[in-house]
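Peer 1: First, the structure itself, so that you have it in front of you.
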Amino acid sequence: MKTSFGLSAFLLAMGVPGLGLAQQPLKPPEAVKESVGDQIVKKLEFVATPLPDAIDFLKDCCHGFQAVIVPDPRYPSYVPVLPTMNLRDLPLSQIVDVMKKSDLELAVDKVSSAKGDVWVFHIRRGNDVRQPEPPSSARPVVEVFRLSPLIPKTASDRSKALNDILSLLQAVVDASGPSNLMMKVHAPTETLILRGNPTELDMIIRALAPLQEAQAEKNFEAEAQRESATLQAKDAEIARLRAELEKARAEAKAQAAGIAPKGIEAFIPELEKQQQLRGRAEKAQQVPAENPAPPGTNEKQSR
């Protein structure tokens, strides 16, 4: 017994596994936290997609994906456009590498920490900006827009108004980055002719929308002023007619009140004159004529 107990103690001291009075249970290995870059993107389809839109898509697909875009300080408004991509079942880190290598003007750095990673996209615009080939759905098309409704009817120089609209649209195009959009104004018909892809045309339509709304408000105000002036003129005419009617009523009332005595007084002198003439005639008939001719004188003279 002593020998057996001593051997067991010796083996336990030497660290032989499986022997001992009590052993601590083994802890399971801790689960390794999956990196954001290892998340699988099931499906990715880019067709001439701007960089911010591509990053927003990846944020929706991969939980915890964070990114920062650093623009080119020389061209802060420039945004690179990624070429057509159609990818399946790839990790996020590999997709970011593909985006980086597909555009020579794009540099990507990853800032890592214990709580996560942040991808920093640096934009560097070169002298010769590459433009990806437009897909079939983005081939240039021609559109025509009437600018007459955007020009005030009171504009003294309509040509200048057309040039101002064209200048505004050109500023919008320049701010959006490189573009092959063609714009031309046909002054005699006040028409804008555009040639570009659907995205560029949509940009012009959105730029014209505020002008249309502003001009519509001006037209409404001008129409309201014209209607108000017309109503005021009608009110003035009604007031004038009412004044004339009241005046006519007053005159008629005055004539009706004084017509009887005025009429009698006017006829009295004429009546007296006729009575005097009538009296004289009667007197002349009553007085015999002086030296009357003897009877038969007239007969002798006639013979």
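Note on naming: chains are A, B, ... as they come in the structure tokens, residues start from 1 per chain, ligands start from 1 in the order shown.
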According to DSSP computed on the backbone, where in stretch 17-264 of chain A is there alpha helix (DSSP H)? Give the residues as an NGL selection string.
Peer 2: :A and (51-61 or 92-102 or 158-175 or 198-264)
Peer 1: Within 8 Å of stretch 160-175 of chain A, counting only C-alpha atoms, which residues show up once you throw out same-chain ones fewer than 2 positions away? Write them as a PyMOL selection string, please.
Peer 2: chain A and resi 77+147+151+155+157-158+177-179+181+183+185+187+190+204+207-208
Peer 1: Could you state the separation of atom CA of A:Val79 and atom CA of A:Asn197 in Å, given to one decimal place?
Peer 2: 17.4 Å
Peer 1: Rounded to one decimal, what separation in Å do you get between atom CA of A:Trp119 and atom CA of A:Val68?
Peer 2: 6.4 Å
Peer 1: How many Å lie between atom CA of A:Ser93 and atom CA of A:Tyr75, rounded to one decimal?
Peer 2: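 Separation of atom CA of A:Ser93 and atom CA of A:Tyr75: 27.7 Å.
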Peer 1: So that I can check the surroundings of A:Pro52, please list as a list in words every protein, DNA and RNA residue that reaches within 10 Å of it, counting only C-alpha atoms and ignoring chain neighbours fewer than 2 positions away.
Peer 2: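 Residues meeting the cut-off are Thr49, Pro50, Ala54, Ile55, Asp56, Phe57, Ala67, Val68, Ile69, Val79, Pro80 and Val81 of chain A.
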Peer 1: Measuring between only C-alpha atoms, which one of A:Pro152, A:Gly64, A:Pro91, A:Pro188 shows the shortest distance to A:Leu44?
Peer 2: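 Closest residue, counting only C-alpha atoms: A:Pro91.
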